[in-house]
$ cat coords13.cif   # mmCIF, C-alpha atoms
data_final
loop_
_atom_site.group_PDB
_atom_site.id
_atom_site.type_symbol
_atom_site.label_atom_id
_atom_site.label_comp_id
_atom_site.auth_asym_id
_atom_site.auth_seq_id
_atom_site.Cartn_x
_atom_site.Cartn_y
_atom_site.Cartn_z
ATOM 1 C CA MET A 14 52.505 -27.455 -3.035
ATOM 2 C CA ARG A 15 49.139 -25.729 -3.401
ATOM 3 C CA LEU A 16 48.405 -26.782 -6.988
ATOM 4 C CA ASP A 17 48.990 -30.390 -5.985
ATOM 5 C CA ARG A 18 46.554 -30.017 -3.072
ATOM 6 C CA LEU A 19 43.871 -28.384 -5.247
ATOM 7 C CA LEU A 20 44.147 -31.217 -7.751
ATOM 8 C CA GLY A 21 43.954 -33.732 -4.922
ATOM 9 C CA ILE A 22 40.808 -32.104 -3.472
ATOM 10 C CA ALA A 23 39.162 -32.023 -6.911
ATOM 11 C CA LEU A 24 39.893 -35.731 -7.381
ATOM 12 C CA GLU A 25 38.522 -36.534 -3.923
ATOM 13 C CA LEU A 26 35.305 -34.696 -4.803
ATOM 14 C CA MET A 27 35.007 -36.629 -8.067
ATOM 15 C CA ALA A 28 35.571 -39.946 -6.350
ATOM 16 C CA LYS A 29 33.144 -39.451 -3.434
ATOM 17 C CA LYS A 30 29.549 -38.331 -3.050
ATOM 18 C CA ARG A 31 30.265 -36.020 -0.110
ATOM 19 C CA ILE A 32 33.292 -35.281 2.058
ATOM 20 C CA THR A 33 33.696 -32.996 5.062
ATOM 21 C CA ALA A 34 36.150 -30.157 5.550
ATOM 22 C CA ALA A 35 37.607 -32.016 8.535
ATOM 23 C CA GLU A 36 38.260 -35.131 6.420
ATOM 24 C CA LEU A 37 39.957 -33.066 3.722
ATOM 25 C CA ALA A 38 42.001 -31.156 6.303
ATOM 26 C CA ALA A 39 43.213 -34.418 7.859
ATOM 27 C CA LYS A 40 44.012 -35.985 4.489
ATOM 28 C CA PHE A 41 46.048 -33.027 3.215
ATOM 29 C CA GLU A 42 47.438 -32.027 6.640
ATOM 30 C CA VAL A 43 46.206 -28.440 6.558
ATOM 31 C CA SER A 44 43.734 -26.407 8.603
ATOM 32 C CA ILE A 45 39.986 -26.398 7.986
ATOM 33 C CA ARG A 46 40.311 -22.697 7.162
ATOM 34 C CA THR A 47 42.741 -23.593 4.355
ATOM 35 C CA ILE A 48 40.286 -26.180 3.006
ATOM 36 C CA TYR A 49 37.511 -23.556 2.813
ATOM 37 C CA ARG A 50 39.898 -21.255 0.947
ATOM 38 C CA ASP A 51 40.873 -24.056 -1.450
ATOM 39 C CA ILE A 52 37.232 -24.954 -2.114
ATOM 40 C CA GLU A 53 36.555 -21.337 -3.052
ATOM 41 C CA LEU A 54 39.494 -21.358 -5.475
ATOM 42 C CA ILE A 55 38.153 -24.562 -7.026
ATOM 43 C CA ASN A 56 34.770 -22.869 -7.442
ATOM 44 C CA GLN A 57 36.392 -19.855 -9.055
ATOM 45 C CA ALA A 58 38.163 -22.195 -11.484
ATOM 46 C CA GLY A 59 34.760 -23.278 -12.802
ATOM 47 C CA ILE A 60 34.246 -26.498 -10.835
ATOM 48 C CA PRO A 61 30.930 -26.059 -8.952
ATOM 49 C CA VAL A 62 31.245 -27.386 -5.389
ATOM 50 C CA ALA A 63 28.144 -27.302 -3.188
ATOM 51 C CA SER A 64 28.491 -26.981 0.588
ATOM 52 C CA PHE A 65 26.074 -28.452 3.136
ATOM 53 C CA THR A 66 25.777 -27.923 6.872
ATOM 54 C CA GLY A 67 24.527 -30.169 9.658
ATOM 55 C CA ALA A 68 25.375 -33.671 10.771
ATOM 56 C CA ASP A 69 25.493 -34.906 7.177
ATOM 57 C CA GLY A 70 27.179 -31.760 5.878
ATOM 58 C CA GLY A 71 30.246 -31.423 3.729
ATOM 59 C CA PHE A 72 31.261 -30.673 0.159
ATOM 60 C CA GLU A 73 30.271 -32.388 -3.067
ATOM 61 C CA LEU A 74 30.313 -31.678 -6.773
ATOM 62 C CA MET A 75 27.010 -30.345 -8.005
ATOM 63 C CA ASN A 76 24.775 -32.654 -10.004
ATOM 64 C CA GLY A 77 25.164 -32.216 -13.741
ATOM 65 C CA PHE A 78 28.787 -31.166 -13.487
ATOM 66 C CA PHE A 79 29.709 -33.561 -16.309
ATOM 67 C CA LEU A 80 27.717 -31.314 -18.655
ATOM 68 C CA THR A 81 30.203 -28.485 -18.234
ATOM 69 C CA ARG A 82 33.436 -28.043 -20.116
ATOM 70 C CA GLN A 83 35.332 -29.270 -17.084
ATOM 71 C CA HIS A 84 34.642 -32.994 -17.421
ATOM 72 C CA PHE A 85 37.417 -35.592 -17.581
ATOM 73 C CA SER A 86 37.457 -37.909 -20.548
ATOM 74 C CA VAL A 87 39.488 -41.107 -20.647
ATOM 75 C CA ASP A 88 42.055 -39.372 -22.833
ATOM 76 C CA ASP A 89 42.191 -36.383 -20.462
ATOM 77 C CA LEU A 90 43.139 -38.560 -17.504
ATOM 78 C CA SER A 91 45.785 -40.390 -19.515
ATOM 79 C CA VAL A 92 47.284 -37.174 -20.914
ATOM 80 C CA ILE A 93 47.461 -35.546 -17.478
ATOM 81 C CA TYR A 94 49.204 -38.572 -16.014
ATOM 82 C CA THR A 95 51.611 -38.814 -18.951
ATOM 83 C CA LEU A 96 52.543 -35.121 -18.654
ATOM 84 C CA LEU A 97 53.145 -35.449 -14.926
ATOM 85 C CA LYS A 98 55.287 -38.510 -15.536
ATOM 86 C CA ALA A 99 57.352 -36.588 -18.113
ATOM 87 C CA MET A 100 57.859 -33.766 -15.573
ATOM 88 C CA GLU A 101 58.876 -36.145 -12.801
ATOM 89 C CA ARG A 102 62.595 -36.179 -13.668
ATOM 90 C CA ALA A 103 62.830 -32.392 -13.989
ATOM 91 C CA MET A 104 60.817 -31.604 -10.865
ATOM 92 C CA GLY A 105 61.947 -34.483 -8.674
ATOM 93 C CA GLY A 106 59.298 -35.616 -6.217
ATOM 94 C CA ALA A 107 57.133 -32.501 -6.556
ATOM 95 C CA VAL A 108 54.677 -34.157 -8.950
ATOM 96 C CA ALA A 109 54.709 -37.592 -7.293
ATOM 97 C CA PRO A 110 51.760 -36.851 -4.938
ATOM 98 C CA ALA A 111 49.603 -35.692 -7.857
ATOM 99 C CA MET A 112 50.519 -38.836 -9.814
ATOM 100 C CA ARG A 113 49.584 -40.999 -6.838
ATOM 101 C CA LYS A 114 46.208 -39.283 -6.563
ATOM 102 C CA LEU A 115 45.475 -39.838 -10.252
ATOM 103 C CA ALA A 116 46.614 -43.437 -9.990
ATOM 104 C CA SER A 117 44.389 -43.987 -6.936
ATOM 105 C CA LEU A 118 41.436 -42.639 -8.920
ATOM 106 C CA ASN A 119 42.286 -45.012 -11.763
ATOM 107 C CA PRO A 120 45.042 -47.569 -10.942
ATOM 108 C CA ASN A 121 45.662 -48.592 -14.550
ATOM 109 C CA LEU A 122 46.932 -45.106 -15.381
ATOM 110 C CA ALA A 123 50.202 -46.166 -13.771
ATOM 111 C CA ASN A 124 50.492 -49.157 -16.085
ATOM 112 C CA GLU A 125 51.704 -49.185 -19.651
ATOM 113 C CA GLY A 126 48.453 -50.805 -20.821
ATOM 114 C CA SER A 127 46.099 -49.489 -23.443
ATOM 115 C CA HIS A 128 43.329 -46.973 -22.927
ATOM 116 C CA GLU A 129 40.903 -49.843 -23.342
ATOM 117 C CA ALA A 130 42.296 -51.475 -20.202
ATOM 118 C CA VAL A 131 41.880 -48.160 -18.403
ATOM 119 C CA ILE A 132 38.235 -47.982 -19.445
ATOM 120 C CA LEU A 133 37.416 -51.499 -18.370
ATOM 121 C CA SER A 134 39.071 -51.101 -14.981
ATOM 122 C CA ILE A 135 36.712 -48.368 -13.810
ATOM 123 C CA SER A 136 33.445 -49.746 -15.136
ATOM 124 C CA THR A 137 31.149 -51.034 -12.440
ATOM 125 C CA SER A 138 29.469 -54.135 -13.888
ATOM 126 C CA ASP A 139 30.113 -56.789 -16.490
ATOM 127 C CA TYR A 140 27.222 -55.519 -18.606
ATOM 128 C CA GLU A 141 28.429 -51.930 -18.421
ATOM 129 C CA ARG A 142 31.993 -52.981 -19.235
ATOM 130 C CA ASP A 143 30.784 -54.586 -22.452
ATOM 131 C CA ILE A 144 28.769 -51.491 -23.433
ATOM 132 C CA VAL A 145 31.643 -49.120 -22.645
ATOM 133 C CA GLN A 146 34.096 -51.270 -24.565
ATOM 134 C CA GLU A 147 31.885 -51.261 -27.671
ATOM 135 C CA LEU A 148 31.298 -47.515 -27.385
ATOM 136 C CA TYR A 149 35.011 -46.867 -27.003
ATOM 137 C CA ARG A 150 35.725 -48.741 -30.227
ATOM 138 C CA ALA A 151 32.872 -46.957 -32.001
ATOM 139 C CA VAL A 152 34.283 -43.580 -30.930
ATOM 140 C CA ARG A 153 37.749 -44.499 -32.173
ATOM 141 C CA GLN A 154 36.385 -45.848 -35.493
ATOM 142 C CA SER A 155 33.800 -43.037 -35.969
ATOM 143 C CA ARG A 156 30.984 -45.557 -36.387
ATOM 144 C CA VAL A 157 27.312 -44.714 -35.912
ATOM 145 C CA VAL A 158 25.610 -46.562 -33.040
ATOM 146 C CA ARG A 159 21.981 -47.465 -32.384
ATOM 147 C CA LEU A 160 20.812 -47.168 -28.788
ATOM 148 C CA ALA A 161 17.765 -48.432 -26.951
ATOM 149 C CA TYR A 162 17.771 -45.761 -24.259
ATOM 150 C CA THR A 163 15.642 -45.013 -21.196
ATOM 151 C CA SER A 164 15.474 -41.402 -20.055
ATOM 152 C CA THR A 165 15.386 -40.180 -16.456
ATOM 153 C CA SER A 166 11.588 -40.027 -16.656
ATOM 154 C CA GLY A 167 11.443 -43.674 -17.738
ATOM 155 C CA LYS A 168 10.616 -43.046 -21.406
ATOM 156 C CA ALA A 169 12.175 -45.635 -23.736
ATOM 157 C CA THR A 170 13.414 -44.477 -27.152
ATOM 158 C CA GLU A 171 15.511 -45.708 -30.053
ATOM 159 C CA ARG A 172 18.366 -43.361 -30.961
ATOM 160 C CA SER A 173 20.834 -43.139 -33.825
ATOM 161 C CA VAL A 174 23.947 -41.483 -32.427
ATOM 162 C CA GLU A 175 27.329 -40.351 -33.730
ATOM 163 C CA PRO A 176 29.543 -41.140 -30.695
ATOM 164 C CA LEU A 177 32.065 -38.399 -29.902
ATOM 165 C CA ASN A 178 33.509 -39.159 -26.486
ATOM 166 C CA LEU A 179 33.247 -41.206 -23.318
ATOM 167 C CA LEU A 180 33.071 -39.232 -20.081
ATOM 168 C CA TRP A 181 33.484 -40.498 -16.552
ATOM 169 C CA GLU A 182 31.961 -38.436 -13.753
ATOM 170 C CA LYS A 183 31.823 -39.474 -10.089
ATOM 171 C CA GLY A 184 31.920 -43.163 -10.951
ATOM 172 C CA VAL A 185 29.326 -42.953 -13.743
ATOM 173 C CA TRP A 186 29.960 -43.378 -17.478
ATOM 174 C CA TYR A 187 28.319 -41.089 -20.059
ATOM 175 C CA LEU A 188 28.390 -41.104 -23.828
ATOM 176 C CA GLU A 189 28.735 -37.714 -25.488
ATOM 177 C CA GLY A 190 27.376 -37.845 -29.007
ATOM 178 C CA TYR A 191 25.400 -36.190 -31.767
ATOM 179 C CA CYS A 192 21.825 -37.516 -31.647
ATOM 180 C CA ARG A 193 20.438 -37.623 -35.172
ATOM 181 C CA SER A 194 16.822 -37.698 -34.043
ATOM 182 C CA ARG A 195 17.257 -34.617 -31.816
ATOM 183 C CA GLN A 196 19.765 -33.026 -34.220
ATOM 184 C CA SER A 197 21.958 -31.819 -31.391
ATOM 185 C CA LYS A 198 24.650 -32.942 -28.986
ATOM 186 C CA ARG A 199 23.364 -35.130 -26.151
ATOM 187 C CA TYR A 200 24.759 -36.965 -23.139
ATOM 188 C CA PHE A 201 23.612 -40.536 -22.496
ATOM 189 C CA ARG A 202 24.142 -42.312 -19.194
ATOM 190 C CA VAL A 203 25.614 -45.690 -20.088
ATOM 191 C CA SER A 204 23.697 -47.526 -17.356
ATOM 192 C CA ARG A 205 20.442 -46.491 -19.103
ATOM 193 C CA ILE A 206 21.436 -48.032 -22.442
ATOM 194 C CA ALA A 207 19.288 -51.167 -22.713
ATOM 195 C CA SER A 208 20.922 -52.382 -25.929
ATOM 196 C CA LEU A 209 23.633 -51.191 -28.279
ATOM 197 C CA GLY A 210 24.346 -51.867 -31.919
ATOM 198 C CA VAL A 211 27.429 -50.616 -33.753
ATOM 199 C CA CYS A 212 26.597 -49.883 -37.387
ATOM 200 C CA GLY A 213 28.881 -50.266 -40.371
ATOM 201 C CA GLU A 214 28.297 -46.610 -41.308
ATOM 202 C CA ILE A 215 31.265 -44.319 -40.690
ATOM 203 C CA PHE A 216 30.325 -40.727 -39.922
ATOM 204 C CA VAL A 217 32.288 -37.553 -40.585
ATOM 205 C CA LEU A 218 32.757 -35.243 -37.616
ATOM 206 C CA ARG A 219 30.402 -32.322 -38.000
ATOM 207 C CA GLN A 220 30.713 -28.800 -36.682
ATOM 208 C CA ILE A 221 28.621 -28.668 -33.516
ATOM 209 C CA PRO A 222 28.533 -25.123 -32.123
ATOM 210 C CA ASP A 223 29.501 -24.889 -28.463
ATOM 211 C CA GLU A 224 27.597 -22.641 -26.132
ATOM 212 C CA SER A 225 28.547 -19.021 -26.686
ATOM 213 C CA GLU A 226 31.039 -17.305 -24.443
ATOM 214 C CA GLU A 227 28.223 -15.042 -23.273
ATOM 215 C CA SER A 228 26.232 -18.024 -21.997
ATOM 216 C CA VAL A 229 29.319 -19.407 -20.286
ATOM 217 C CA ILE A 230 30.105 -16.286 -18.294
ATOM 218 C CA GLN A 231 26.542 -15.346 -17.385
ATOM 219 C CA GLY A 232 25.648 -15.826 -13.760
ATOM 220 C CA ILE A 233 23.656 -14.457 -10.858
ATOM 221 C CA CYS A 234 25.197 -11.188 -9.678
ATOM 222 C CA ALA A 235 24.286 -11.075 -5.998
ATOM 223 C CA HIS A 236 24.620 -8.474 -3.266
ATOM 224 C CA LEU A 237 24.662 -10.234 0.108
ATOM 225 C CA ARG A 238 24.842 -8.799 3.612
ATOM 226 C CA PHE A 239 26.291 -10.897 6.438
ATOM 227 C CA GLY A 240 26.318 -10.521 10.205
ATOM 228 C CA LEU A 241 29.653 -10.202 11.986
ATOM 229 C CA ALA A 242 29.097 -13.533 13.741
ATOM 230 C CA VAL A 243 30.093 -15.339 10.521
ATOM 231 C CA ARG A 244 32.766 -12.907 9.348
ATOM 232 C CA THR A 245 35.610 -15.451 9.434
ATOM 233 C CA ARG A 246 33.819 -17.876 7.132
ATOM 234 C CA VAL A 247 32.590 -15.051 4.879
ATOM 235 C CA PHE A 248 36.090 -13.676 4.333
ATOM 236 C CA GLU A 249 37.346 -17.175 3.576
ATOM 237 C CA GLN A 250 34.506 -18.037 1.219
ATOM 238 C CA PHE A 251 34.390 -14.692 -0.621
ATOM 239 C CA PRO A 252 38.010 -13.470 -0.751
ATOM 240 C CA GLY A 253 38.386 -10.037 -2.308
ATOM 241 C CA GLU A 254 34.616 -9.494 -2.441
ATOM 242 C CA CYS A 255 33.958 -8.334 1.134
ATOM 243 C CA THR A 256 33.478 -4.813 2.479
ATOM 244 C CA TYR A 257 33.033 -3.925 6.155
ATOM 245 C CA GLN A 258 29.977 -1.721 6.728
ATOM 246 C CA GLY A 259 30.046 -1.235 10.498
ATOM 247 C CA ASP A 260 27.762 -3.908 11.921
ATOM 248 C CA TRP A 261 27.685 -6.066 8.804
ATOM 249 C CA ILE A 262 29.739 -7.198 5.810
ATOM 250 C CA ASP A 263 28.643 -6.536 2.252
ATOM 251 C CA VAL A 264 29.573 -9.052 -0.428
ATOM 252 C CA HIS A 265 29.183 -8.567 -4.186
ATOM 253 C CA THR A 266 29.694 -11.891 -5.917
ATOM 254 C CA THR A 267 28.576 -13.939 -8.916
ATOM 255 C CA PHE A 268 27.058 -17.409 -8.688
ATOM 256 C CA TYR A 269 27.180 -19.471 -11.869
ATOM 257 C CA LYS A 270 24.721 -22.099 -10.663
ATOM 258 C CA LYS A 271 21.427 -21.306 -8.941
ATOM 259 C CA GLU A 272 21.584 -24.559 -6.949
ATOM 260 C CA TYR A 273 24.995 -23.607 -5.601
ATOM 261 C CA ALA A 274 23.767 -20.110 -4.681
ATOM 262 C CA LEU A 275 20.820 -21.595 -2.779
ATOM 263 C CA SER A 276 23.018 -24.088 -0.912
ATOM 264 C CA VAL A 277 25.524 -21.407 0.119
ATOM 265 C CA ILE A 278 22.946 -18.810 1.177
ATOM 266 C CA ALA A 279 20.787 -21.312 3.067
ATOM 267 C CA SER A 280 23.843 -22.590 4.942
ATOM 268 C CA TYR A 281 24.248 -19.160 6.598
ATOM 269 C CA GLY A 282 20.725 -19.237 8.023
ATOM 270 C CA THR A 283 19.666 -15.911 9.552
ATOM 271 C CA ASN A 284 23.205 -14.506 9.344
ATOM 272 C CA VAL A 285 22.725 -13.457 5.721
ATOM 273 C CA GLU A 286 20.401 -11.074 3.906
ATOM 274 C CA ILE A 287 19.954 -10.979 0.130
ATOM 275 C CA VAL A 288 20.001 -7.315 -0.840
ATOM 276 C CA SER A 289 19.655 -8.106 -4.545
ATOM 277 C CA PRO A 290 18.450 -9.467 -6.875
ATOM 278 C CA ALA A 291 14.849 -9.822 -5.745
ATOM 279 C CA GLU A 292 14.490 -12.980 -7.848
ATOM 280 C CA LEU A 293 17.154 -14.684 -5.745
ATOM 281 C CA GLN A 294 15.207 -13.769 -2.599
ATOM 282 C CA ASP A 295 12.139 -15.485 -4.073
ATOM 283 C CA ASP A 296 14.206 -18.549 -5.014
ATOM 284 C CA VAL A 297 15.606 -18.893 -1.484
ATOM 285 C CA ILE A 298 12.132 -18.496 0.057
ATOM 286 C CA ALA A 299 10.794 -21.207 -2.266
ATOM 287 C CA HIS A 300 13.796 -23.407 -1.443
ATOM 288 C CA ILE A 301 13.249 -23.068 2.322
ATOM 289 C CA ASP A 302 9.471 -23.538 1.963
ATOM 290 C CA ALA A 303 10.079 -26.759 0.054
ATOM 291 C CA ILE A 304 12.324 -28.003 2.877
ATOM 292 C CA CYS A 305 9.712 -27.060 5.516
ATOM 293 C CA GLN A 306 6.929 -28.805 3.600
ATOM 294 C CA HIS A 307 9.109 -31.882 3.144
ATOM 295 C CA TYR A 308 9.658 -32.287 6.870
ATOM 296 C CA ALA A 309 6.061 -31.359 7.683
ATOM 297 C CA ARG A 310 4.896 -34.218 5.473
ATOM 298 C CA LYS A 311 7.409 -36.537 7.114
ATOM 299 C CA ARG A 312 5.953 -35.701 10.495
ATOM 300 C CA GLY A 313 2.378 -35.956 9.265
ATOM 301 C CA GLY A 314 1.736 -32.229 9.600
ATOM 302 C CA HIS A 315 1.123 -29.453 7.102
ATOM 303 C CA GLY A 316 3.515 -26.845 5.717
ATOM 304 C CA THR A 317 3.019 -23.316 6.948
#

$ encode --input "coords13.cif" --output "structure tokens"
Amino acid sequence: MRLDRLLGIALELMAKKRITAAELAAKFEVSIRTIYRDIELINQAGIPVASFTGADGGFELMNGFFLTRQHFSVDDLSVIYTLLKAMERAMGGAVAPAMRKLASLNPNLANEGSHEAVILSISTSDYERDIVQELYRAVRQSRVVRLAYTSTSGKATERSVEPLNLLWEKGVWYLEGYCRSRQSKRYFRVSRIASLGVCGEIFVLRQIPDESEESVIQGICAHLRFGLAVRTRVFEQFPGECTYQGDWIDVHTTFYKKEYALSVIASYGTNVEIVSPAELQDDVIAHIDAICQHYARKRGGHGT
């Protein structure tokens, strides 16, 4: 059942840092070619999967994926499992594999316990469990929280936040909330919360405009030209976007993340040419130069 396999692959990507096509093919008992095709479908569905070549190559979700509209909240996971369970009698064993995959991602989904038990089961430390538990209650009670928070750069700040949701992405908890000091929606990594205070103030949900549809669908429209040596992979990775042009294959596609575009294009090495846009050519050159300089420094030399 293809939908079941796509869900299973997506859950594997969420649960692991990186996984190879061979590992996925063995797990789901399909060919590597099928895995490449499934990964492309997952990308087209809006879940950005980066591919890497070499000894440490494989697939992984792109950093920052939790910031998209595709994140899984605690309630999302519970609702999905509950719906599958309700369908189980009508569909027989067809949904059982998907239920097992969800339960393996979060074992307490299969229990009749509360959402709070679900939250606590997938927290990683005693301290983080306590923070997540307090945040979960604050979200449910619509209570303002005060955070002592340290940013990625190491800057410590005090924040007054209206907590909206708890998100779990690749084993990391995030708080989605309206930051009163920044006057906008923000995402806070729970492990960077030094202290938390739940206030007595109850807030009223405000209208926070989402990003416009235009910003959602914008992307990098690229014209790529591939050598015939990689035609099998190209046709699998860009289905419906390929045109034979004698000694090469033209592909017109849209990348929604620059990082993903760079990882895909670089993985083809000299078997790909960027026809347009010129800006993407410059980005790939800068990306490769950065890699060269990195290894030159490692070896004590100088970048060329």

$ residues_near_point --input "coords13.cif" --point "(42.7, -23.5, -0.5)" --cutoff "12 Å" --atoms "only C-alpha atoms" --output "VMD selection string"
chain A and resid 14 to 23 34 37 to 38 41 43 to 58 249 to 250 252

$ atom_distance --input "coords13.cif" --atom1 "atom CA of Phe268 of chain A" --atom2 "atom CA of Arg246 of chain A"
17.2 Å

$ closest_residue --input "coords13.cif" --among "A:Ser276, A:Gln294, A:Asn284, A:Thr245" --to "Thr66 of chain A" --atoms "only C-alpha atoms"
A:Ser276

$ residues_around --input "coords13.cif" --residues "Ala279 of chain A" --least-positions-apart "4" --cutoff "12 Å" --atoms "only C-alpha atoms" --output "list in words"
Ala63, Ser64, Phe65, Thr66, Gly67, Glu272, Tyr273, Ala274, Leu275, Thr283, Asn284, Val285, Glu286, Ile287, Leu293, Gln294, Asp296, Val297, Ile298, Ala299, His300, Ile301, Asp302 and Ile304 of chain A

$ residues_around --input "coords13.cif" --residues "Val152 of chain A" --least-positions-apart "6" --cutoff "8 Å" --atoms "all atoms listed in the file" --output "list in words"
Pro176, Leu177 and Asn178 of chain A

$ write_last_selection --input "coords13.cif" --atoms "C-alpha atoms" --output "PDB file, keeping the file's coordinate frame"
ATOM      1  CA  PRO A 176      29.543 -41.140 -30.695  1.00  0.00           C
ATOM      2  CA  LEU A 177      32.065 -38.399 -29.902  1.00  0.00           C
ATOM      3  CA  ASN A 178      33.509 -39.159 -26.486  1.00  0.00           C
TER       4      ASN A 178
END

$ atom_distance --input "coords13.cif" --atom1 "atom CA of Tyr187 of chain A" --atom2 "atom CA of Val217 of chain A"
21.2 Å

$ atom_distance --input "coords13.cif" --atom1 "atom CA of Lys168 of chain A" --atom2 "atom CA of Arg193 of chain A"
17.8 Å

$ residues_around --input "coords13.cif" --residues "Leu74 of chain A" --least-positions-apart "4" --cutoff "7 Å" --atoms "only C-alpha atoms" --output "PyMOL selection string"
chain A and resi 26-27+61-63+78

$ resolve_selection --input "coords13.cif" --expression "the PyMOL selection byres ((chain A and resi 153) around 12)" --output "list of chain:residue names"
A:Asp88, A:His128, A:Glu129, A:Gln146, A:Glu147, A:Leu148, A:Tyr149, A:Arg150, A:Ala151, A:Val152, A:Gln154, A:Ser155, A:Arg156, A:Val157, A:Glu175, A:Pro176, A:Leu177, A:Asn178, A:Leu179, A:Ile215, A:Phe216, A:Leu218

$ write_last_selection --input "coords13.cif" --atoms "C-alpha atoms" --output "CSV table (one decimal), in the coordinates of the input"
chain,number,residue,atom,x,y,z
A,88,ASP,CA,42.1,-39.4,-22.8
A,128,HIS,CA,43.3,-47.0,-22.9
A,129,GLU,CA,40.9,-49.8,-23.3
A,146,GLN,CA,34.1,-51.3,-24.6
A,147,GLU,CA,31.9,-51.3,-27.7
A,148,LEU,CA,31.3,-47.5,-27.4
A,149,TYR,CA,35.0,-46.9,-27.0
A,150,ARG,CA,35.7,-48.7,-30.2
A,151,ALA,CA,32.9,-47.0,-32.0
A,152,VAL,CA,34.3,-43.6,-30.9
A,154,GLN,CA,36.4,-45.8,-35.5
A,155,SER,CA,33.8,-43.0,-36.0
A,156,ARG,CA,31.0,-45.6,-36.4
A,157,VAL,CA,27.3,-44.7,-35.9
A,175,GLU,CA,27.3,-40.4,-33.7
A,176,PRO,CA,29.5,-41.1,-30.7
A,177,LEU,CA,32.1,-38.4,-29.9
A,178,ASN,CA,33.5,-39.2,-26.5
A,179,LEU,CA,33.2,-41.2,-23.3
A,215,ILE,CA,31.3,-44.3,-40.7
A,216,PHE,CA,30.3,-40.7,-39.9
A,218,LEU,CA,32.8,-35.2,-37.6

$ residues_near_point --input "coords13.cif" --point "(35.6, -6.5, -3.1)" --cutoff "9 Å" --atoms "all atoms listed in the file" --output "number ranges by chain"
A: 251-256, 263-266

$ closest_residue --input "coords13.cif" --among "A:Gln220, A:Thr267, A:Gly70, A:Cys212" --to "Gln196 of chain A" --atoms "only C-alpha atoms"
A:Gln220

$ residues_around --input "coords13.cif" --residues "Ile221 of chain A" --least-positions-apart "5" --cutoff "9 Å" --atoms "all atoms listed in the file" --output "PyMOL selection string"
chain A and resi 191+197-198

$ residues_around --input "coords13.cif" --residues "Phe201 of chain A" --least-positions-apart "3" --cutoff "12 Å" --atoms "only C-alpha atoms" --output "VMD selection string"
chain A and resid 79 to 80 145 148 160 to 165 170 172 to 181 185 to 192 198 204 to 207
